[in-house]
Amino acid sequence: MQFSITSTIKLNNGVEMPRFGLGVWRTPKGAETQNAVRWALEAGYRHIDTAKLYDNEEDVGLVVANGPVKREEVFITTKVWDTEQGYESTLRSCEDSLKRLRMDYVDLYMIHWPIPGLRGETWRALIKLYERGLCRAIGVSNYTIHHLKELLADTPIVPAVNQVEFNPFLYRKELQMFCRGQGIVVESYAPLSKGRKLDNPALISLAARLHKTPAQVLIRWALQHDLVVIPKSVHQERIQENAAVFDFELTPADMDFLDGLNEDFYTVPPERIAEKWD
Ligand code: NDP
């Protein structure tokens, strides 16, 4: 598969979403977020994933407004947080995010978590925001098959994306197959397992054979599984390293080997594993 740093995947409404981007969860607001986003744009990233929760939308917006590339060349995602779910509050939350981002629209607006009792109203608000042109696409995050079935039974608009924790140590094949069947793109968060599995010996030896780093192998695995992937780092050299994944390819045997590392390893705390949520 031939990918480049600007390769896109077509969403179900025709919008092109870059397959590769920078995540900024736990990237501290202020200089650290501004540096990370600037380094990423300079390294060729054209996709930034933030959220109301991350408390760094202002910094993302500042760099995109003054950065090396035009606003319309960067794909920006943000998300409505749990405490602002509900119809009116979600409308307000998106408008507030846009103000912080200094933008007229985001490329993708998401429900951050499938909060019981609020999902339906919140999704209706996203449809409204989409119709008003405040977001070019709408999606969900941390949705299981159960949550998606509930949504699909009651919506004129299918989510464009489901952003979930996904890497070889948490290989969610069934969820991906379900999403593919519905035309929903799966986006991998924690593609590096938040760094916690980078010392896995099997991963290290595969990476050494390929003359790549474990992080690069994990990112490449995600790309070759047709996932959108958004590794996070606050370090310039790692931001560059994570983007150096377009000059090699994992063989089918390498992919099978990595698939086999699955151990249902979640980095989110047990109480946030949405599989357990009604
Ligand atoms: P990642 O799997 O991207 O891992 C990030 C960690 O790995 C950081 O500790 C980082 O450290 C380290 N790291 C990055 N690059 C390298 C490298 N090349 N070598 C060694 N270590 C490295 O975890 P995230 O949870 O951040 O996931 C990515 C993004 O996904 C988030 O930033 C966010 O945008 C999104 N996300 C969405 C969630 C949701 O609920 N929708 C939940 C969680 C994440 P350092 O920064 O010090 O380099």
# chains A, B, ... in the order shown; residues from 1 in each chain; ligands from 1
call {"tool": "residues_around", "arguments": {"residues": "Leu227 (chain A)", "least_positions_apart": "6", "cutoff": "12 Å", "atoms": "only C-alpha atoms", "output": "PyMOL selection string"}}
result
chain A and resi 7-10+17-21+161-167+171-173+176-177+179-180+184-189+191+218-221
call {"tool": "residues_around", "arguments": {"residues": "Arg26 (chain A)", "least_positions_apart": "4", "cutoff": "10 Å", "atoms": "only C-alpha atoms", "output": "list in words"}}
result
Thr33, Thr50, Leu53, Tyr54, Asp55, Asn56, Lys232, Ser233 and Val234 of chain A
call {"tool": "closest_residue", "arguments": {"among": "A:Ile145, A:Ile115, A:Val63, A:Ala160", "to": "Glu16 (chain A)", "atoms": "only C-alpha atoms"}}
result
A:Ala160
call {"tool": "closest_atom_pairs", "arguments": {"of": "chain A", "to": "ligand 1", "cutoff": "9 Å", "atoms": "only C-alpha atoms and all ligand atoms", "output": "Markdown table"}}
result
| residue | atom | partner | partner_atom_place_in_ligand_line | distance |
| --- | --- | --- | --- | --- |
| A:Gly21 | CA | ligand 1 | 34 (O) | 8.8 |
| A:Leu22 | CA | ligand 1 | 34 (O) | 6.8 |
| A:Gly23 | CA | ligand 1 | 34 (O) | 3.2 |
| A:Val24 | CA | ligand 1 | 32 (O) | 4.0 |
| A:Trp25 | CA | ligand 1 | 32 (O) | 3.7 |
| A:Arg26 | CA | ligand 1 | 32 (O) | 6.7 |
| A:Thr27 | CA | ligand 1 | 46 (O) | 7.1 |
| A:Ile48 | CA | ligand 1 | 34 (O) | 7.6 |
| A:Asp49 | CA | ligand 1 | 34 (O) | 4.6 |
| A:Thr50 | CA | ligand 1 | 34 (O) | 5.3 |
| A:Ala51 | CA | ligand 1 | 34 (O) | 7.5 |
| A:Tyr54 | CA | ligand 1 | 34 (O) | 8.4 |
| A:Thr77 | CA | ligand 1 | 34 (O) | 8.9 |
| A:Thr78 | CA | ligand 1 | 34 (O) | 9.0 |
| A:Lys79 | CA | ligand 1 | 41 (N) | 7.9 |
| A:Met110 | CA | ligand 1 | 41 (N) | 8.5 |
| A:Ile111 | CA | ligand 1 | 41 (N) | 8.5 |
| A:His112 | CA | ligand 1 | 41 (N) | 5.5 |
| A:Trp113 | CA | ligand 1 | 40 (O) | 6.6 |
| A:Val140 | CA | ligand 1 | 41 (N) | 8.4 |
| A:Ser141 | CA | ligand 1 | 41 (N) | 5.2 |
| A:Asn142 | CA | ligand 1 | 40 (O) | 6.0 |
| A:Asn162 | CA | ligand 1 | 41 (N) | 8.8 |
| A:Gln163 | CA | ligand 1 | 41 (N) | 5.7 |
| A:Val164 | CA | ligand 1 | 41 (N) | 6.1 |
| A:Glu165 | CA | ligand 1 | 42 (C) | 6.8 |
| A:Phe166 | CA | ligand 1 | 2 (O) | 9.0 |
| A:Asn167 | CA | ligand 1 | 2 (O) | 8.3 |
| A:Glu187 | CA | ligand 1 | 30 (O) | 8.8 |
| A:Ser188 | CA | ligand 1 | 30 (O) | 7.0 |
| A:Tyr189 | CA | ligand 1 | 30 (O) | 3.8 |
| A:Ala190 | CA | ligand 1 | 2 (O) | 3.1 |
| A:Pro191 | CA | ligand 1 | 2 (O) | 4.2 |
| A:Leu192 | CA | ligand 1 | 2 (O) | 3.3 |
| A:Ser193 | CA | ligand 1 | 2 (O) | 4.2 |
| A:Lys194 | CA | ligand 1 | 4 (O) | 3.2 |
| A:Gly195 | CA | ligand 1 | 7 (O) | 4.0 |
| A:Arg196 | CA | ligand 1 | 7 (O) | 7.6 |
| A:Leu198 | CA | ligand 1 | 20 (C) | 7.0 |
| A:Thr213 | CA | ligand 1 | 18 (N) | 7.3 |
| A:Pro214 | CA | ligand 1 | 19 (N) | 7.4 |
| A:Ala215 | CA | ligand 1 | 18 (N) | 5.0 |
| A:Gln216 | CA | ligand 1 | 18 (N) | 6.9 |
| A:Val229 | CA | ligand 1 | 28 (C) | 8.0 |
| A:Ile230 | CA | ligand 1 | 29 (C) | 5.2 |
| A:Pro231 | CA | ligand 1 | 3 (O) | 3.5 |
| A:Lys232 | CA | ligand 1 | 3 (O) | 4.0 |
| A:Ser233 | CA | ligand 1 | 46 (O) | 3.2 |
| A:Val234 | CA | ligand 1 | 46 (O) | 4.1 |
| A:His235 | CA | ligand 1 | 48 (O) | 5.0 |
| A:Gln236 | CA | ligand 1 | 48 (O) | 8.2 |
| A:Glu237 | CA | ligand 1 | 18 (N) | 7.9 |
| A:Arg238 | CA | ligand 1 | 18 (N) | 4.4 |
| A:Ile239 | CA | ligand 1 | 15 (N) | 6.6 |
| A:Gln240 | CA | ligand 1 | 18 (N) | 8.3 |
| A:Glu241 | CA | ligand 1 | 18 (N) | 5.7 |
| A:Asn242 | CA | ligand 1 | 18 (N) | 5.4 |
| A:Thr267 | CA | ligand 1 | 25 (O) | 7.9 |
| A:Val268 | CA | ligand 1 | 42 (C) | 7.4 |
call {"tool": "write_last_selection", "arguments": {"atoms": "C-alpha atoms", "output": "mmCIF file, in the first residue's frame"}}
result
data_model
loop_
_atom_site.group_PDB
_atom_site.id
_atom_site.type_symbol
_atom_site.label_atom_id
_atom_site.label_comp_id
_atom_site.auth_asym_id
_atom_site.auth_seq_id
_atom_site.Cartn_x
_atom_site.Cartn_y
_atom_site.Cartn_z
ATOM 1 C CA GLY A 21 -2.175 13.341 12.296
ATOM 2 C CA LEU A 22 -0.965 14.632 15.633
ATOM 3 C CA GLY A 23 -2.866 14.022 18.869
ATOM 4 C CA VAL A 24 -2.577 16.561 21.677
ATOM 5 C CA TRP A 25 -4.168 14.833 24.685
ATOM 6 C CA ARG A 26 -2.060 15.615 27.762
ATOM 7 C CA THR A 27 0.023 18.044 25.754
ATOM 8 C CA ILE A 48 -4.505 17.804 14.447
ATOM 9 C CA ASP A 49 -6.730 16.041 16.988
ATOM 10 C CA THR A 50 -7.792 18.078 20.003
ATOM 11 C CA ALA A 51 -10.841 18.238 22.310
ATOM 12 C CA TYR A 54 -7.575 18.784 26.427
ATOM 13 C CA THR A 77 -10.911 17.609 14.976
ATOM 14 C CA THR A 78 -12.394 18.582 18.299
ATOM 15 C CA LYS A 79 -14.906 16.913 20.622
ATOM 16 C CA MET A 110 -17.183 14.287 17.747
ATOM 17 C CA ILE A 111 -19.047 13.016 20.758
ATOM 18 C CA HIS A 112 -16.099 12.221 23.028
ATOM 19 C CA TRP A 113 -17.706 9.396 25.019
ATOM 20 C CA VAL A 140 -18.295 9.602 17.601
ATOM 21 C CA SER A 141 -15.578 8.325 19.881
ATOM 22 C CA ASN A 142 -15.319 5.380 22.223
ATOM 23 C CA ASN A 162 -15.498 6.321 15.267
ATOM 24 C CA GLN A 163 -12.324 7.217 17.177
ATOM 25 C CA VAL A 164 -11.368 4.409 19.563
ATOM 26 C CA GLU A 165 -8.371 2.999 21.354
ATOM 27 C CA PHE A 166 -6.775 0.654 18.809
ATOM 28 C CA ASN A 167 -3.302 -0.857 18.413
ATOM 29 C CA GLU A 187 -9.558 6.215 13.856
ATOM 30 C CA SER A 188 -6.942 4.818 16.228
ATOM 31 C CA TYR A 189 -6.198 6.655 19.415
ATOM 32 C CA ALA A 190 -3.380 5.552 21.699
ATOM 33 C CA PRO A 191 -1.767 3.965 18.611
ATOM 34 C CA LEU A 192 1.480 3.711 20.603
ATOM 35 C CA SER A 193 -0.347 2.225 23.605
ATOM 36 C CA LYS A 194 0.600 5.519 25.282
ATOM 37 C CA GLY A 195 4.174 4.246 25.132
ATOM 38 C CA ARG A 196 3.435 1.388 27.512
ATOM 39 C CA LEU A 198 7.021 -0.010 23.219
ATOM 40 C CA THR A 213 11.547 2.012 15.771
ATOM 41 C CA PRO A 214 8.742 0.236 17.646
ATOM 42 C CA ALA A 215 6.645 3.418 17.426
ATOM 43 C CA GLN A 216 7.057 3.537 13.654
ATOM 44 C CA VAL A 229 -3.819 7.328 13.189
ATOM 45 C CA ILE A 230 -2.929 10.237 15.494
ATOM 46 C CA PRO A 231 0.190 9.588 17.622
ATOM 47 C CA LYS A 232 0.968 12.188 20.269
ATOM 48 C CA SER A 233 4.340 13.580 21.283
ATOM 49 C CA VAL A 234 5.666 16.795 22.751
ATOM 50 C CA HIS A 235 9.180 16.146 21.430
ATOM 51 C CA GLN A 236 10.255 17.426 18.036
ATOM 52 C CA GLU A 237 12.444 14.435 17.271
ATOM 53 C CA ARG A 238 9.605 12.012 18.069
ATOM 54 C CA ILE A 239 7.103 14.056 16.067
ATOM 55 C CA GLN A 240 9.496 13.660 13.126
ATOM 56 C CA GLU A 241 10.185 9.999 13.903
ATOM 57 C CA ASN A 242 6.474 9.201 14.012
ATOM 58 C CA THR A 267 -4.782 2.230 28.589
ATOM 59 C CA VAL A 268 -7.974 3.982 29.642
#
call {"tool": "residues_around", "arguments": {"residues": "Gly67 (chain A)", "least_positions_apart": "5", "cutoff": "12 Å", "atoms": "only C-alpha atoms", "output": "PyMOL selection string"}}
result
chain A and resi 34-42+46+59-62+72-74
call {"tool": "closest_residue", "arguments": {"among": "A:Ala31, A:Gly139, A:Pro156, A:Ala65", "to": "Val80 (chain A)", "atoms": "only C-alpha atoms"}}
result
A:Gly139
call {"tool": "closest_residue", "arguments": {"among": "A:Gln182, A:Asn262, A:Ser205, A:Gln224", "to": "Asn12 (chain A)", "atoms": "only C-alpha atoms"}}
result
A:Gln182
call {"tool": "decode", "arguments": {"residues": "region 169-180 of chain A", "atoms": "N, CA and C atoms", "output": "PDB file, in the first residue's frame"}}
result
ATOM      1  N   PHE A 169      -1.953  -4.355  20.525  1.00  0.00           N
ATOM      2  CA  PHE A 169      -2.203  -4.928  21.845  1.00  0.00           C
ATOM      3  C   PHE A 169      -3.683  -4.817  22.231  1.00  0.00           C
ATOM      4  N   LEU A 170      -4.416  -4.100  21.405  1.00  0.00           N
ATOM      5  CA  LEU A 170      -5.872  -3.972  21.565  1.00  0.00           C
ATOM      6  C   LEU A 170      -6.452  -3.957  20.147  1.00  0.00           C
ATOM      7  N   TYR A 171      -6.404  -5.135  19.535  1.00  0.00           N
ATOM      8  CA  TYR A 171      -6.788  -5.264  18.120  1.00  0.00           C
ATOM      9  C   TYR A 171      -8.294  -5.543  18.060  1.00  0.00           C
ATOM     10  N   ARG A 172      -9.069  -4.527  17.706  1.00  0.00           N
ATOM     11  CA  ARG A 172     -10.534  -4.599  17.788  1.00  0.00           C
ATOM     12  C   ARG A 172     -11.129  -4.908  16.416  1.00  0.00           C
ATOM     13  N   LYS A 173     -10.844  -6.130  16.001  1.00  0.00           N
ATOM     14  CA  LYS A 173     -11.189  -6.538  14.641  1.00  0.00           C
ATOM     15  C   LYS A 173     -12.703  -6.501  14.389  1.00  0.00           C
ATOM     16  N   GLU A 174     -13.450  -7.009  15.375  1.00  0.00           N
ATOM     17  CA  GLU A 174     -14.898  -7.092  15.190  1.00  0.00           C
ATOM     18  C   GLU A 174     -15.517  -5.694  15.059  1.00  0.00           C
ATOM     19  N   LEU A 175     -15.056  -4.783  15.902  1.00  0.00           N
ATOM     20  CA  LEU A 175     -15.556  -3.402  15.839  1.00  0.00           C
ATOM     21  C   LEU A 175     -15.199  -2.784  14.492  1.00  0.00           C
ATOM     22  N   GLN A 176     -13.983  -3.036  14.040  1.00  0.00           N
ATOM     23  CA  GLN A 176     -13.577  -2.460  12.751  1.00  0.00           C
ATOM     24  C   GLN A 176     -14.420  -3.031  11.609  1.00  0.00           C
ATOM     25  N   MET A 177     -14.678  -4.337  11.646  1.00  0.00           N
ATOM     26  CA  MET A 177     -15.500  -4.950  10.586  1.00  0.00           C
ATOM     27  C   MET A 177     -16.903  -4.357  10.593  1.00  0.00           C
ATOM     28  N   PHE A 178     -17.446  -4.179  11.792  1.00  0.00           N
ATOM     29  CA  PHE A 178     -18.788  -3.600  11.888  1.00  0.00           C
ATOM     30  C   PHE A 178     -18.788  -2.194  11.282  1.00  0.00           C
ATOM     31  N   CYS A 179     -17.816  -1.381  11.673  1.00  0.00           N
ATOM     32  CA  CYS A 179     -17.749   0.002  11.177  1.00  0.00           C
ATOM     33  C   CYS A 179     -17.587   0.019   9.662  1.00  0.00           C
ATOM     34  N   ARG A 180     -16.736  -0.849   9.171  1.00  0.00           N
ATOM     35  CA  ARG A 180     -16.509  -0.893   7.716  1.00  0.00           C
ATOM     36  C   ARG A 180     -17.829  -1.193   6.998  1.00  0.00           C
TER      37      ARG A 180
END
